[in-house]
Amino acid sequence: MPREPLSVVVITYNNADTLDACLREVDWADEIVVLDSGSTDDTVAIAERHGARVAVHPFDDYGPQKQRAIDLARHDWVLNLDADEILSPGTRGVIERALEHPRHAGYRLPRRERMFWTVQHRRSWRNGHLRLFDRRRGRMNDVEVHAAVEVDGPVKTLRAADFVNDGDGDITTRVDKINRYTTGMVAYKLRRRQRFTGLRMVLYPPVFFLRQYIGKRYFLNGWAGFIASVTGAFYAFLKYAKLHEARERQRASSRRGSEPVEPR
């Protein structure tokens, strides 16, 4: 049965180590669009080898760059992937069936995380991410670091499908990413004027750990699941710690600016 034509969009920067696996699993799509930020490795060559339409634009932020890639697509239905994300076997069929008579503005795909030396167990909880959508009814939002698609209309989760985020191959990479992401979120959280930062810093990390390790069944992944839950709790702590630090610096700067200047 005919389905809606599909464009796959990916933004890249020096992703030669993961891009081939990503594009290999979507070579059935009607179009692949790769928006590169000036890679110096084989990223562009790999994209071209898979028949992708490649464009180049300097990177300013995740959300705007993703939106540029979406705007380059020729078809209304878009599958938005990162260069280190790989569709699992069987997901193609689920997506194609959904696009035969799409009744929703978008579809969430459950995501399994790479947990260092292994991949998240299928029976642990997989968070759904809105990646398949009608671009006439959706756009990227303006959240720093964690920008995502928002659509005007109903959304459904395709539970029979999933994809793997293959980005964090070791603990060092995970911790480096946590540090970058939490720094990038400070300005956004300052604008939101989030309250009770100190209380969140104390209480949220242990709650996060228990939610991941027990609630989401990360214990099924053995020590990898334990370490992923601990580093996730560290992420929860660090984003509020950095927000608290930024506010203290603002207060200190304000106090210095209001102090009278003594005559010489």
# chains A, B, ... in the order shown; residues from 1 in each chain; ligands from 1
>>> select_by_dssp(residues="range 77-119 of chain A", states="alpha helix (DSSP H)", output="list in words")
Thr91, Arg92, Gly93, Val94, Ile95, Glu96, Arg97 and Ala98 of chain A
>>> residues_around(residues="range 123-129 of chain A", least_positions_apart="4", cutoff="6 Å", atoms="only C-alpha atoms", output="list of chain:residue names")
A:Arg108, A:Leu109, A:Pro110, A:Arg111, A:Arg112, A:Lys216, A:Arg217, A:Tyr218
>>> residues_around(residues="Asp36 in chain A", least_positions_apart="4", cutoff="7 Å", atoms="only C-alpha atoms", output="PyMOL selection string")
chain A and resi 11-13+55-57
>>> write_last_selection(atoms="N, CA and C atoms", output="mmCIF file, in the first residue's frame")
data_model
loop_
_atom_site.group_PDB
_atom_site.id
_atom_site.type_symbol
_atom_site.label_atom_id
_atom_site.label_comp_id
_atom_site.auth_asym_id
_atom_site.auth_seq_id
_atom_site.Cartn_x
_atom_site.Cartn_y
_atom_site.Cartn_z
ATOM 1 N N ILE A 11 21.868 16.215 11.145
ATOM 2 C CA ILE A 11 22.926 17.223 11.183
ATOM 3 C C ILE A 11 24.206 16.543 11.650
ATOM 4 N N THR A 12 25.343 17.012 11.119
ATOM 5 C CA THR A 12 26.607 16.325 11.384
ATOM 6 C C THR A 12 27.745 17.302 11.651
ATOM 7 N N TYR A 13 28.715 16.793 12.392
ATOM 8 C CA TYR A 13 30.018 17.437 12.517
ATOM 9 C C TYR A 13 31.004 16.380 12.993
ATOM 10 N N ALA A 55 24.297 19.589 2.485
ATOM 11 C CA ALA A 55 24.472 21.041 2.530
ATOM 12 C C ALA A 55 25.379 21.356 3.712
ATOM 13 N N VAL A 56 25.960 22.558 3.689
ATOM 14 C CA VAL A 56 26.884 22.964 4.757
ATOM 15 C C VAL A 56 26.437 24.306 5.310
ATOM 16 N N HIS A 57 26.401 24.396 6.643
ATOM 17 C CA HIS A 57 26.082 25.667 7.308
ATOM 18 C C HIS A 57 26.797 25.690 8.646
#
>>> residues_around(residues="Lys239 in chain A", least_positions_apart="3", cutoff="8 Å", atoms="only C-alpha atoms", output="JSON, numbers by chain")
{"A": [182, 183, 185, 186, 235, 236, 242, 243]}
>>> residues_around(residues="Glu245 in chain A", least_positions_apart="6", cutoff="12 Å", atoms="only C-alpha atoms", output="list in words")
Thr183, Val186, Ala187, Leu190, Thr197, Gly198, Met201, Leu238, Lys239, Arg251 and Ala252 of chain A
>>> residues_around(residues="Asp134 in chain A", least_positions_apart="5", cutoff="8 Å", atoms="only C-alpha atoms", output="number ranges by chain")
A: 76-78, 105-106
>>> select_by_dssp(residues="range 70-138 of chain A", states="strand (DSSP E)", output="PyMOL selection string")
chain A and resi 77-82+85-87+106-115+118-119+127-134+138
